[in-house]
>>> print(open('model.cif').read())   # mmCIF, C-alpha atoms and all ligand atoms
data_protein
#
loop_
_atom_site.group_PDB
_atom_site.id
_atom_site.type_symbol
_atom_site.label_atom_id
_atom_site.label_comp_id
_atom_site.auth_asym_id
_atom_site.auth_seq_id
_atom_site.Cartn_x
_atom_site.Cartn_y
_atom_site.Cartn_z
ATOM 1 C CA MET A 165 187.042 132.457 160.790
ATOM 2 C CA PRO A 166 186.537 136.223 161.268
ATOM 3 C CA THR A 167 184.329 137.162 164.208
ATOM 4 C CA PRO A 168 180.732 136.806 163.018
ATOM 5 C CA ARG A 169 178.179 139.546 163.578
ATOM 6 C CA PHE A 170 175.170 137.202 163.463
ATOM 7 C CA VAL A 171 174.850 133.517 164.318
ATOM 8 C CA TYR A 172 172.139 131.285 162.858
ATOM 9 C CA PHE A 173 171.489 127.899 164.429
ATOM 10 C CA ASP A 174 169.924 124.871 162.814
ATOM 11 C CA ILE A 175 167.314 123.328 165.138
ATOM 12 C CA ASP A 176 167.030 119.570 164.553
ATOM 13 C CA ASP A 177 170.029 117.561 165.691
ATOM 14 C CA THR A 178 171.941 120.770 166.422
ATOM 15 C CA LEU A 179 169.984 122.339 169.311
ATOM 16 C CA LEU A 180 167.239 119.728 169.791
ATOM 17 C CA ASP A 181 167.779 115.984 169.632
ATOM 18 C CA HIS A 182 165.385 115.187 166.777
ATOM 19 C CA ARG A 183 166.872 111.769 166.066
ATOM 20 C CA GLN A 184 166.485 110.641 169.668
ATOM 21 C CA ALA A 185 162.886 111.910 169.776
ATOM 22 C CA GLU A 186 162.161 109.977 166.582
ATOM 23 C CA ARG A 187 163.739 106.809 168.003
ATOM 24 C CA ALA A 188 161.833 107.093 171.283
ATOM 25 C CA ALA A 189 158.542 107.840 169.519
ATOM 26 C CA LEU A 190 158.922 104.772 167.321
ATOM 27 C CA ALA A 191 159.619 102.665 170.418
ATOM 28 C CA ASP A 192 156.378 104.007 171.916
ATOM 29 C CA VAL A 193 154.441 103.153 168.745
ATOM 30 C CA VAL A 194 155.837 99.616 168.802
ATOM 31 C CA ALA A 195 155.020 99.277 172.516
ATOM 32 C CA THR A 196 151.438 100.438 171.878
ATOM 33 C CA TYR A 197 150.919 97.918 169.059
ATOM 34 C CA ARG A 198 153.071 95.187 170.575
ATOM 35 C CA ALA A 199 151.215 92.276 168.956
ATOM 36 C CA GLN A 200 151.313 93.746 165.452
ATOM 37 C CA PHE A 201 155.032 94.556 165.624
ATOM 38 C CA ALA A 202 155.978 91.318 167.435
ATOM 39 C CA ALA A 203 157.760 89.788 164.435
ATOM 40 C CA HIS A 204 160.012 92.820 163.884
ATOM 41 C CA PRO A 205 163.102 93.825 165.887
ATOM 42 C CA LEU A 206 162.909 97.470 167.010
ATOM 43 C CA ASP A 207 166.150 98.416 165.227
ATOM 44 C CA ASP A 208 164.761 97.115 161.949
ATOM 45 C CA VAL A 209 161.463 98.958 162.460
ATOM 46 C CA ARG A 210 163.351 102.203 163.120
ATOM 47 C CA ALA A 211 165.771 101.789 160.221
ATOM 48 C CA ARG A 212 162.933 101.161 157.773
ATOM 49 C CA TYR A 213 161.007 104.209 159.027
ATOM 50 C CA HIS A 214 164.093 106.412 158.914
ATOM 51 C CA ASP A 215 165.150 105.316 155.418
ATOM 52 C CA ARG A 216 161.648 105.787 154.037
ATOM 53 C CA ASN A 217 161.313 109.186 155.710
ATOM 54 C CA VAL A 218 164.612 110.375 154.218
ATOM 55 C CA VAL A 219 163.537 109.338 150.717
ATOM 56 C CA LEU A 220 160.128 111.023 151.119
ATOM 57 C CA TRP A 221 161.692 114.246 152.454
ATOM 58 C CA ARG A 222 163.985 114.288 149.437
ATOM 59 C CA ARG A 223 160.963 113.986 147.121
ATOM 60 C CA TYR A 224 159.110 116.677 149.112
ATOM 61 C CA ALA A 225 162.167 118.980 148.894
ATOM 62 C CA ALA A 226 162.216 118.489 145.124
ATOM 63 C CA GLY A 227 158.542 119.476 144.941
ATOM 64 C CA ALA A 228 157.557 115.988 143.720
ATOM 65 C CA ILE A 229 155.103 115.276 146.557
ATOM 66 C CA SER A 230 153.010 117.339 148.956
ATOM 67 C CA LYS A 231 153.426 117.612 152.697
ATOM 68 C CA GLU A 232 150.221 115.588 153.154
ATOM 69 C CA THR A 233 151.547 112.799 150.938
ATOM 70 C CA LEU A 234 154.822 112.775 152.851
ATOM 71 C CA ARG A 235 153.054 112.486 156.191
ATOM 72 C CA ARG A 236 150.638 109.800 155.010
ATOM 73 C CA GLN A 237 153.177 107.785 153.053
ATOM 74 C CA ARG A 238 155.890 107.621 155.662
ATOM 75 C CA ILE A 239 153.527 105.717 157.919
ATOM 76 C CA ALA A 240 151.332 103.892 155.393
ATOM 77 C CA ALA A 241 154.164 102.644 153.176
ATOM 78 C CA TRP A 242 156.257 101.744 156.205
ATOM 79 C CA LEU A 243 153.438 99.642 157.705
ATOM 80 C CA GLU A 244 152.848 98.024 154.338
ATOM 81 C CA GLU A 245 156.528 97.175 153.966
ATOM 82 C CA LEU A 246 156.442 95.541 157.397
ATOM 83 C CA GLY A 247 153.244 93.700 156.487
ATOM 84 C CA ILE A 248 151.366 95.290 159.380
ATOM 85 C CA ASP A 249 147.667 96.015 159.040
ATOM 86 C CA LEU A 250 146.897 99.129 161.111
ATOM 87 C CA ASP A 251 145.076 102.400 160.492
ATOM 88 C CA ALA A 252 147.914 104.580 159.199
ATOM 89 C CA ALA A 253 146.201 107.827 160.225
ATOM 90 C CA ALA A 254 145.870 106.640 163.830
ATOM 91 C CA VAL A 255 149.497 105.504 163.888
ATOM 92 C CA GLU A 256 150.609 108.860 162.435
ATOM 93 C CA ARG A 257 148.726 110.732 165.173
ATOM 94 C CA LEU A 258 150.257 108.538 167.861
ATOM 95 C CA TYR A 259 153.722 108.919 166.366
ATOM 96 C CA MET A 260 153.501 112.729 166.244
ATOM 97 C CA ASP A 261 152.116 112.848 169.765
ATOM 98 C CA ARG A 262 154.972 110.730 171.094
ATOM 99 C CA TYR A 263 157.559 112.588 168.955
ATOM 100 C CA ARG A 264 156.469 115.858 170.592
ATOM 101 C CA ALA A 265 156.603 114.255 174.041
ATOM 102 C CA HIS A 266 160.272 113.358 173.558
ATOM 103 C CA TRP A 267 161.602 116.728 172.416
ATOM 104 C CA ALA A 268 164.679 117.761 174.394
ATOM 105 C CA PHE A 269 167.844 119.793 173.998
ATOM 106 C CA ILE A 270 171.037 118.082 172.978
ATOM 107 C CA GLU A 271 173.267 118.100 176.028
ATOM 108 C CA GLY A 272 174.850 121.519 176.493
ATOM 109 C CA ALA A 273 173.066 123.082 173.504
ATOM 110 C CA ARG A 274 170.717 125.290 175.516
ATOM 111 C CA GLU A 275 173.559 126.840 177.499
ATOM 112 C CA VAL A 276 175.666 127.436 174.386
ATOM 113 C CA PHE A 277 172.752 129.039 172.535
ATOM 114 C CA LEU A 278 172.126 131.378 175.489
ATOM 115 C CA THR A 279 175.820 132.176 175.911
ATOM 116 C CA ILE A 280 176.225 133.105 172.260
ATOM 117 C CA ALA A 281 172.940 135.048 172.365
ATOM 118 C CA ASP A 282 174.369 137.117 175.220
ATOM 119 C CA HIS A 283 177.131 138.337 172.903
ATOM 120 C CA LEU A 284 175.750 138.323 169.368
ATOM 121 C CA PRO A 285 172.392 138.496 167.619
ATOM 122 C CA VAL A 286 171.192 134.973 166.900
ATOM 123 C CA GLY A 287 168.594 133.346 164.669
ATOM 124 C CA LEU A 288 167.097 129.973 163.818
ATOM 125 C CA LEU A 289 167.120 128.498 160.311
ATOM 126 C CA THR A 290 165.391 125.148 159.956
ATOM 127 C CA ASN A 291 163.944 122.729 157.452
ATOM 128 C CA GLY A 292 160.572 121.450 158.540
ATOM 129 C CA PHE A 293 156.846 121.894 158.739
ATOM 130 C CA ALA A 294 155.857 125.283 160.115
ATOM 131 C CA GLU A 295 153.424 124.014 162.744
ATOM 132 C CA VAL A 296 155.874 121.423 164.055
ATOM 133 C CA GLN A 297 158.818 123.819 164.219
ATOM 134 C CA HIS A 298 156.700 126.553 165.839
ATOM 135 C CA ALA A 299 155.522 123.990 168.396
ATOM 136 C CA LYS A 300 159.183 123.315 169.243
ATOM 137 C CA LEU A 301 159.715 127.037 169.825
ATOM 138 C CA ASP A 302 156.595 127.139 171.987
ATOM 139 C CA ARG A 303 157.977 124.253 174.034
ATOM 140 C CA PHE A 304 161.367 125.937 174.456
ATOM 141 C CA PRO A 305 160.381 129.629 174.593
ATOM 142 C CA GLU A 306 163.939 130.854 175.194
ATOM 143 C CA LEU A 307 164.726 129.946 171.607
ATOM 144 C CA ARG A 308 162.030 132.225 170.223
ATOM 145 C CA ALA A 309 162.640 134.937 172.818
ATOM 146 C CA ARG A 310 166.339 135.226 172.039
ATOM 147 C CA ALA A 311 166.177 134.729 168.260
ATOM 148 C CA SER A 312 165.924 137.918 166.236
ATOM 149 C CA ALA A 313 165.176 135.846 163.112
ATOM 150 C CA VAL A 314 163.259 132.579 162.693
ATOM 151 C CA VAL A 315 163.368 131.104 159.193
ATOM 152 C CA ILE A 316 161.378 127.917 158.509
ATOM 153 C CA SER A 317 161.565 126.240 155.110
ATOM 154 C CA GLU A 318 157.833 125.666 154.721
ATOM 155 C CA GLU A 319 157.207 129.381 155.237
ATOM 156 C CA VAL A 320 159.844 130.356 152.680
ATOM 157 C CA GLY A 321 158.810 127.748 150.122
ATOM 158 C CA VAL A 322 162.157 126.047 149.599
ATOM 159 C CA MET A 323 164.362 123.904 151.800
ATOM 160 C CA LYS A 324 168.033 124.163 152.718
ATOM 161 C CA PRO A 325 170.417 124.007 150.893
ATOM 162 C CA HIS A 326 168.403 126.002 148.307
ATOM 163 C CA PRO A 327 170.059 129.425 147.792
ATOM 164 C CA GLN A 328 166.701 131.219 148.174
ATOM 165 C CA ILE A 329 166.254 130.261 151.804
ATOM 166 C CA PHE A 330 169.783 131.418 152.640
ATOM 167 C CA ALA A 331 169.218 134.672 150.733
ATOM 168 C CA HIS A 332 165.989 135.177 152.687
ATOM 169 C CA ALA A 333 167.785 134.470 155.977
ATOM 170 C CA THR A 334 170.583 136.880 155.030
ATOM 171 C CA ARG A 335 168.095 139.683 154.364
ATOM 172 C CA THR A 336 166.280 138.917 157.618
ATOM 173 C CA ALA A 337 169.527 139.076 159.586
ATOM 174 C CA GLY A 338 170.362 142.423 157.976
ATOM 175 C CA THR A 339 174.032 141.485 157.937
ATOM 176 C CA PRO A 340 176.381 140.902 154.967
ATOM 177 C CA PRO A 341 176.617 137.152 154.215
ATOM 178 C CA GLY A 342 180.309 136.932 155.125
ATOM 179 C CA ALA A 343 179.536 138.136 158.644
ATOM 180 C CA ILE A 344 176.966 135.403 159.314
ATOM 181 C CA LEU A 345 177.957 132.146 160.984
ATOM 182 C CA TYR A 346 175.759 129.075 160.577
ATOM 183 C CA VAL A 347 175.930 126.315 163.172
ATOM 184 C CA GLY A 348 174.443 123.068 161.875
ATOM 185 C CA ASP A 349 174.858 119.310 161.735
ATOM 186 C CA SER A 350 174.024 118.462 158.109
ATOM 187 C CA LEU A 351 176.790 118.398 155.513
ATOM 188 C CA HIS A 352 174.260 118.736 152.718
ATOM 189 C CA SER A 353 171.654 121.167 154.086
ATOM 190 C CA ASP A 354 173.779 123.300 156.390
ATOM 191 C CA VAL A 355 177.433 123.152 155.330
ATOM 192 C CA GLU A 356 176.872 123.074 151.585
ATOM 193 C CA GLY A 357 174.027 125.601 151.738
ATOM 194 C CA GLY A 358 175.816 127.984 154.070
ATOM 195 C CA LEU A 359 179.099 128.013 152.176
ATOM 196 C CA GLN A 360 177.257 128.471 148.888
ATOM 197 C CA ALA A 361 175.575 131.541 150.392
ATOM 198 C CA GLY A 362 178.947 133.020 151.379
ATOM 199 C CA TRP A 363 178.343 132.433 155.084
ATOM 200 C CA GLN A 364 180.819 131.132 157.609
ATOM 201 C CA VAL A 365 179.919 127.614 158.697
ATOM 202 C CA ALA A 366 180.536 125.686 161.888
ATOM 203 C CA TRP A 367 179.742 122.028 161.302
ATOM 204 C CA PHE A 368 178.551 120.135 164.363
ATOM 205 C CA ALA A 369 180.222 116.774 163.736
ATOM 206 C CA ARG A 370 178.415 114.707 166.328
ATOM 207 C CA ASN A 371 179.153 111.031 166.836
ATOM 208 C CA GLY A 372 182.754 111.155 165.723
ATOM 209 C CA ALA A 373 182.323 112.107 162.053
ATOM 210 C CA THR A 374 185.779 112.795 160.636
ATOM 211 C CA GLU A 375 185.159 114.419 157.261
ATOM 212 C CA GLN A 376 186.676 117.877 156.904
ATOM 213 C CA PRO A 377 184.480 119.898 154.574
ATOM 214 C CA PRO A 378 186.722 122.553 152.987
ATOM 215 C CA GLY A 379 185.932 126.034 154.238
ATOM 216 C CA ALA A 380 183.978 124.935 157.303
ATOM 217 C CA PHE A 381 185.002 124.894 160.945
ATOM 218 C CA ARG A 382 184.355 121.410 162.339
ATOM 219 C CA PHE A 383 183.559 120.943 166.013
ATOM 220 C CA ALA A 384 182.576 117.851 167.973
ATOM 221 C CA ASP A 385 181.652 119.437 171.282
ATOM 222 C CA TRP A 386 180.276 122.779 172.428
ATOM 223 C CA PRO A 387 183.381 124.077 174.242
ATOM 224 C CA ALA A 388 185.261 123.906 170.923
ATOM 225 C CA LEU A 389 182.677 126.172 169.275
ATOM 226 C CA LEU A 390 182.725 128.654 172.165
ATOM 227 C CA ALA A 391 186.547 128.702 172.102
ATOM 228 C CA ARG A 392 186.517 129.426 168.372
ATOM 229 C CA LEU A 393 184.224 132.393 169.036
ATOM 230 C CA GLY A 394 186.419 133.599 171.870
ATOM 231 C CA LEU A 395 183.631 132.878 174.365
ATOM 232 C CA GLY A 396 185.118 129.770 175.979
HETATM 233 MG MG MG A 401 169.857 119.441 161.529
#
>>> encode(input="model.cif", output="structure tokens", more="lines below")
Ligand SMILES: [Mg+2]
Amino acid sequence: MPTPRFVYFDIDDTLLDHRQAERAALADVVATYRAQFAAHPLDDVRARYHDRNVVLWRRYAAGAISKETLRRQRIAAWLEELGIDLDAAAVERLYMDRYRAHWAFIEGAREVFLTIADHLPVGLLTNGFAEVQHAKLDRFPELRARASAVVISEEVGVMKPHPQIFAHATRTAGTPPGAILYVGDSLHSDVEGGLQAGWQVAWFARNGATEQPPGAFRFADWPALLARLGLG
């Protein structure tokens, strides 16, 4: 991996622990509506939400459904599948409120982001709804303050791994693609998309994933990434 001249970071499950915030928010929803969810183990409730959300995001990414449909359906269809009769709009509001309350950095991520930002220009490249992702940057203002580029899929019109969003991010960075490093956790969105764009890719293989995507640098902990950049 040649020394990059610009480093883009993915946000969810790379810098911020999205999955943990989702899990905690769902636990809060279940705790709020204890009687209605009584027949369902929490793990099952979470798995059904997660699976449905993934399918809906895929359909949204393909342009098959709107953002509003995604947001409504992931709660309404999930409640229906569980046989729970609740006002989906109220549950959606509670879920989003609790999701926001649980946002936090992945351990060590803040320090690594700041360390790299001390040495190289950095940016953020994320799939997600603009207002939600901007709210994350408002909550953790160092991210916005240090990033010289913030690229959010809803604002570009396509999601990672679509080549257009990587081309947009490349132009915004003002650096040739081969000199950009992307740090992300998703094999599909980040590794595939980044390599396709001619970027260098550092795949954050959390939780012991052992695949070795050809052409990508795999790391399981932050010191390994800093060492690879000569910053360790
Ligand atoms: Mg991610």
>>> closest_residue(input="model.cif", among="A:Asp207, A:Asp282, A:Glu232, A:Glu318", to="Leu395 (chain A)", atoms="only C-alpha atoms")
A:Asp282
>>> closest_atom_pairs(input="model.cif", of="chain A", to="ligand MG 401 (chain A)", cutoff="12 Å", atoms="only C-alpha atoms and all ligand atoms", output="CSV")
residue,atom,partner,partner_atom,distance
A:Phe173,CA,A:MG401,MG,9.1
A:Asp174,CA,A:MG401,MG,5.6
A:Ile175,CA,A:MG401,MG,5.9
A:Asp176,CA,A:MG401,MG,4.1
A:Asp177,CA,A:MG401,MG,4.6
A:Thr178,CA,A:MG401,MG,5.5
A:Leu179,CA,A:MG401,MG,8.3
A:Leu180,CA,A:MG401,MG,8.7
A:Asp181,CA,A:MG401,MG,9.1
A:His182,CA,A:MG401,MG,8.1
A:Arg183,CA,A:MG401,MG,9.4
A:Ile270,CA,A:MG401,MG,11.6
A:Leu288,CA,A:MG401,MG,11.1
A:Leu289,CA,A:MG401,MG,9.5
A:Thr290,CA,A:MG401,MG,7.4
A:Asn291,CA,A:MG401,MG,7.9
A:Gly292,CA,A:MG401,MG,10.0
A:Lys324,CA,A:MG401,MG,10.2
A:Pro325,CA,A:MG401,MG,11.6
A:Tyr346,CA,A:MG401,MG,11.3
A:Val347,CA,A:MG401,MG,9.3
A:Gly348,CA,A:MG401,MG,5.9
A:Asp349,CA,A:MG401,MG,5.0
A:Ser350,CA,A:MG401,MG,5.5
A:Leu351,CA,A:MG401,MG,9.2
A:His352,CA,A:MG401,MG,9.9
A:Ser353,CA,A:MG401,MG,7.8
A:Asp354,CA,A:MG401,MG,7.5
A:Val355,CA,A:MG401,MG,10.5
A:Trp367,CA,A:MG401,MG,10.2
A:Phe368,CA,A:MG401,MG,9.2
A:Ala369,CA,A:MG401,MG,10.9
A:Arg370,CA,A:MG401,MG,10.9
>>> resolve_selection(input="model.cif", expression="the PyMOL selection byres (((chain A and resi 359) around 10) and not hetatm)", output="ChimeraX atom specification")
/A:325,330,341-342,345-346,354-358,360-365,378-380
>>> resolve_selection(input="model.cif", expression="the PyMOL selection byres (((chain A and resi 231) around 12) and not hetatm)", output="VMD selection string")
chain A and resid 217 220 to 230 232 to 238 292 to 295 318 321
>>> residues_near_point(input="model.cif", point="(174.3, 132.6, 165.1)", cutoff="12 Å", atoms="only C-alpha atoms", output="tab-separated table (two decimals) with C-alpha atoms, in the frame of the given file")
chain	number	residue	atom	x	y	z
A	167	THR	CA	184.33	137.16	164.21
A	168	PRO	CA	180.73	136.81	163.02
A	169	ARG	CA	178.18	139.55	163.58
A	170	PHE	CA	175.17	137.20	163.46
A	171	VAL	CA	174.85	133.52	164.32
A	172	TYR	CA	172.14	131.28	162.86
A	173	PHE	CA	171.49	127.90	164.43
A	174	ASP	CA	169.92	124.87	162.81
A	175	ILE	CA	167.31	123.33	165.14
A	179	LEU	CA	169.98	122.34	169.31
A	276	VAL	CA	175.67	127.44	174.39
A	277	PHE	CA	172.75	129.04	172.54
A	278	LEU	CA	172.13	131.38	175.49
A	279	THR	CA	175.82	132.18	175.91
A	280	ILE	CA	176.22	133.10	172.26
A	281	ALA	CA	172.94	135.05	172.36
A	282	ASP	CA	174.37	137.12	175.22
A	283	HIS	CA	177.13	138.34	172.90
A	284	LEU	CA	175.75	138.32	169.37
A	285	PRO	CA	172.39	138.50	167.62
A	286	VAL	CA	171.19	134.97	166.90
A	287	GLY	CA	168.59	133.35	164.67
A	288	LEU	CA	167.10	129.97	163.82
A	289	LEU	CA	167.12	128.50	160.31
A	307	LEU	CA	164.73	129.95	171.61
A	310	ARG	CA	166.34	135.23	172.04
A	311	ALA	CA	166.18	134.73	168.26
A	312	SER	CA	165.92	137.92	166.24
A	313	ALA	CA	165.18	135.85	163.11
A	314	VAL	CA	163.26	132.58	162.69
A	333	ALA	CA	167.78	134.47	155.98
A	334	THR	CA	170.58	136.88	155.03
A	337	ALA	CA	169.53	139.08	159.59
A	339	THR	CA	174.03	141.49	157.94
A	343	ALA	CA	179.54	138.14	158.64
A	344	ILE	CA	176.97	135.40	159.31
A	345	LEU	CA	177.96	132.15	160.98
A	346	TYR	CA	175.76	129.07	160.58
A	347	VAL	CA	175.93	126.32	163.17
A	348	GLY	CA	174.44	123.07	161.88
A	363	TRP	CA	178.34	132.43	155.08
A	364	GLN	CA	180.82	131.13	157.61
A	365	VAL	CA	179.92	127.61	158.70
A	366	ALA	CA	180.54	125.69	161.89
A	389	LEU	CA	182.68	126.17	169.28
A	390	LEU	CA	182.72	128.65	172.16
A	393	LEU	CA	184.22	132.39	169.04
>>> residues_around(input="model.cif", residues="region 245-262 of chain A", least_positions_apart="4", cutoff="8 Å", atoms="all atoms listed in the file", output="list in words")
Ala188, Ala189, Leu190, Asp192, Val193, Gln200, Phe201, His204, Val209, Arg235, Arg236, Ile239, Ala240, Ala241 and His266 of chain A
>>> resolve_selection(input="model.cif", expression="the PyMOL selection byres (((chain A and resi 267) around 9) and not hetatm)", output="number ranges by chain")
A: 180-182, 184-186, 263-266, 268-269, 300, 303
>>> decode(input="model.cif", residues="region 211-221 of chain A", atoms="all heavy atoms", output="mmCIF file, in the first residue's frame")
data_model
loop_
_atom_site.group_PDB
_atom_site.id
_atom_site.type_symbol
_atom_site.label_atom_id
_atom_site.label_comp_id
_atom_site.auth_asym_id
_atom_site.auth_seq_id
_atom_site.Cartn_x
_atom_site.Cartn_y
_atom_site.Cartn_z
ATOM 1 N N ALA A 211 -33.336 -9.531 15.499
ATOM 2 C CA ALA A 211 -32.961 -10.196 14.244
ATOM 3 C C ALA A 211 -33.988 -9.894 13.159
ATOM 4 O O ALA A 211 -33.642 -9.617 12.008
ATOM 5 C CB ALA A 211 -32.836 -11.703 14.462
ATOM 6 N N ARG A 212 -35.269 -9.926 13.541
ATOM 7 C CA ARG A 212 -36.319 -9.655 12.549
ATOM 8 C C ARG A 212 -36.247 -8.215 12.066
ATOM 9 O O ARG A 212 -36.426 -7.936 10.883
ATOM 10 C CB ARG A 212 -37.700 -9.927 13.137
ATOM 11 C CG ARG A 212 -38.029 -11.396 13.254
ATOM 12 C CD ARG A 212 -39.333 -11.561 14.010
ATOM 13 N NE ARG A 212 -39.590 -12.930 14.371
ATOM 14 C CZ ARG A 212 -40.448 -13.723 13.714
ATOM 15 N NH1 ARG A 212 -41.092 -13.265 12.671
ATOM 16 N NH2 ARG A 212 -40.635 -14.960 14.114
ATOM 17 N N TYR A 213 -35.998 -7.269 12.971
ATOM 18 C CA TYR A 213 -35.865 -5.864 12.576
ATOM 19 C C TYR A 213 -34.671 -5.706 11.634
ATOM 20 O O TYR A 213 -34.760 -5.083 10.569
ATOM 21 C CB TYR A 213 -35.682 -4.958 13.805
ATOM 22 C CG TYR A 213 -35.398 -3.527 13.418
ATOM 23 C CD1 TYR A 213 -36.446 -2.647 13.143
ATOM 24 C CD2 TYR A 213 -34.088 -3.069 13.268
ATOM 25 C CE1 TYR A 213 -36.190 -1.345 12.738
ATOM 26 C CE2 TYR A 213 -33.830 -1.774 12.865
ATOM 27 C CZ TYR A 213 -34.877 -0.918 12.606
ATOM 28 O OH TYR A 213 -34.622 0.367 12.198
ATOM 29 N N HIS A 214 -33.542 -6.263 12.050
ATOM 30 C CA HIS A 214 -32.311 -6.115 11.275
ATOM 31 C C HIS A 214 -32.473 -6.696 9.869
ATOM 32 O O HIS A 214 -32.134 -6.051 8.874
ATOM 33 C CB HIS A 214 -31.159 -6.794 12.004
ATOM 34 C CG HIS A 214 -29.841 -6.631 11.312
ATOM 35 N ND1 HIS A 214 -29.140 -5.441 11.309
ATOM 36 C CD2 HIS A 214 -29.123 -7.485 10.547
ATOM 37 C CE1 HIS A 214 -28.041 -5.583 10.597
ATOM 38 N NE2 HIS A 214 -28.008 -6.806 10.120
ATOM 39 N N ASP A 215 -33.009 -7.909 9.781
ATOM 40 C CA ASP A 215 -33.157 -8.569 8.481
ATOM 41 C C ASP A 215 -34.080 -7.762 7.568
ATOM 42 O O ASP A 215 -33.807 -7.575 6.383
ATOM 43 C CB ASP A 215 -33.708 -9.984 8.651
ATOM 44 C CG ASP A 215 -32.697 -10.889 9.360
ATOM 45 O OD1 ASP A 215 -31.525 -10.466 9.507
ATOM 46 O OD2 ASP A 215 -33.081 -11.997 9.782
ATOM 47 N N ARG A 216 -35.181 -7.288 8.143
ATOM 48 C CA ARG A 216 -36.130 -6.503 7.349
ATOM 49 C C ARG A 216 -35.493 -5.188 6.889
ATOM 50 O O ARG A 216 -35.644 -4.768 5.748
ATOM 51 C CB ARG A 216 -37.385 -6.215 8.176
ATOM 52 C CG ARG A 216 -38.432 -5.429 7.426
ATOM 53 C CD ARG A 216 -39.783 -5.544 8.079
ATOM 54 N NE ARG A 216 -40.264 -6.910 8.096
ATOM 55 C CZ ARG A 216 -40.831 -7.513 7.052
ATOM 56 N NH1 ARG A 216 -40.972 -6.871 5.918
ATOM 57 N NH2 ARG A 216 -41.247 -8.751 7.133
ATOM 58 N N ASN A 217 -34.756 -4.554 7.789
ATOM 59 C CA ASN A 217 -34.099 -3.290 7.465
ATOM 60 C C ASN A 217 -33.089 -3.467 6.327
ATOM 61 O O ASN A 217 -33.025 -2.640 5.411
ATOM 62 C CB ASN A 217 -33.409 -2.748 8.731
ATOM 63 C CG ASN A 217 -33.017 -1.286 8.607
ATOM 64 O OD1 ASN A 217 -33.658 -0.516 7.898
ATOM 65 N ND2 ASN A 217 -31.968 -0.916 9.298
ATOM 66 N N VAL A 218 -32.339 -4.547 6.371
ATOM 67 C CA VAL A 218 -31.342 -4.819 5.324
ATOM 68 C C VAL A 218 -32.033 -4.971 3.973
ATOM 69 O O VAL A 218 -31.603 -4.393 2.967
ATOM 70 C CB VAL A 218 -30.516 -6.086 5.671
ATOM 71 C CG1 VAL A 218 -29.715 -6.564 4.462
ATOM 72 C CG2 VAL A 218 -29.583 -5.816 6.853
ATOM 73 N N VAL A 219 -33.117 -5.732 3.948
ATOM 74 C CA VAL A 219 -33.850 -5.945 2.691
ATOM 75 C C VAL A 219 -34.406 -4.619 2.168
ATOM 76 O O VAL A 219 -34.294 -4.297 0.984
ATOM 77 C CB VAL A 219 -34.996 -6.966 2.908
ATOM 78 C CG1 VAL A 219 -35.917 -6.999 1.687
ATOM 79 C CG2 VAL A 219 -34.430 -8.351 3.193
ATOM 80 N N LEU A 220 -34.967 -3.801 3.073
ATOM 81 C CA LEU A 220 -35.552 -2.521 2.653
ATOM 82 C C LEU A 220 -34.473 -1.559 2.164
ATOM 83 O O LEU A 220 -34.665 -0.829 1.189
ATOM 84 C CB LEU A 220 -36.356 -1.906 3.801
ATOM 85 C CG LEU A 220 -37.688 -2.620 4.084
ATOM 86 C CD1 LEU A 220 -38.275 -2.165 5.422
ATOM 87 C CD2 LEU A 220 -38.698 -2.368 2.963
ATOM 88 N N TRP A 221 -33.313 -1.548 2.822
ATOM 89 C CA TRP A 221 -32.213 -0.680 2.368
ATOM 90 C C TRP A 221 -31.740 -1.088 0.979
ATOM 91 O O TRP A 221 -31.396 -0.255 0.154
ATOM 92 C CB TRP A 221 -31.042 -0.696 3.364
ATOM 93 C CG TRP A 221 -31.164 0.411 4.375
ATOM 94 C CD1 TRP A 221 -31.660 0.305 5.645
ATOM 95 C CD2 TRP A 221 -30.813 1.789 4.199
ATOM 96 N NE1 TRP A 221 -31.633 1.535 6.260
ATOM 97 C CE2 TRP A 221 -31.114 2.460 5.408
ATOM 98 C CE3 TRP A 221 -30.264 2.532 3.146
ATOM 99 C CZ2 TRP A 221 -30.893 3.829 5.583
ATOM 100 C CZ3 TRP A 221 -30.044 3.900 3.320
ATOM 101 C CH2 TRP A 221 -30.354 4.527 4.533
#
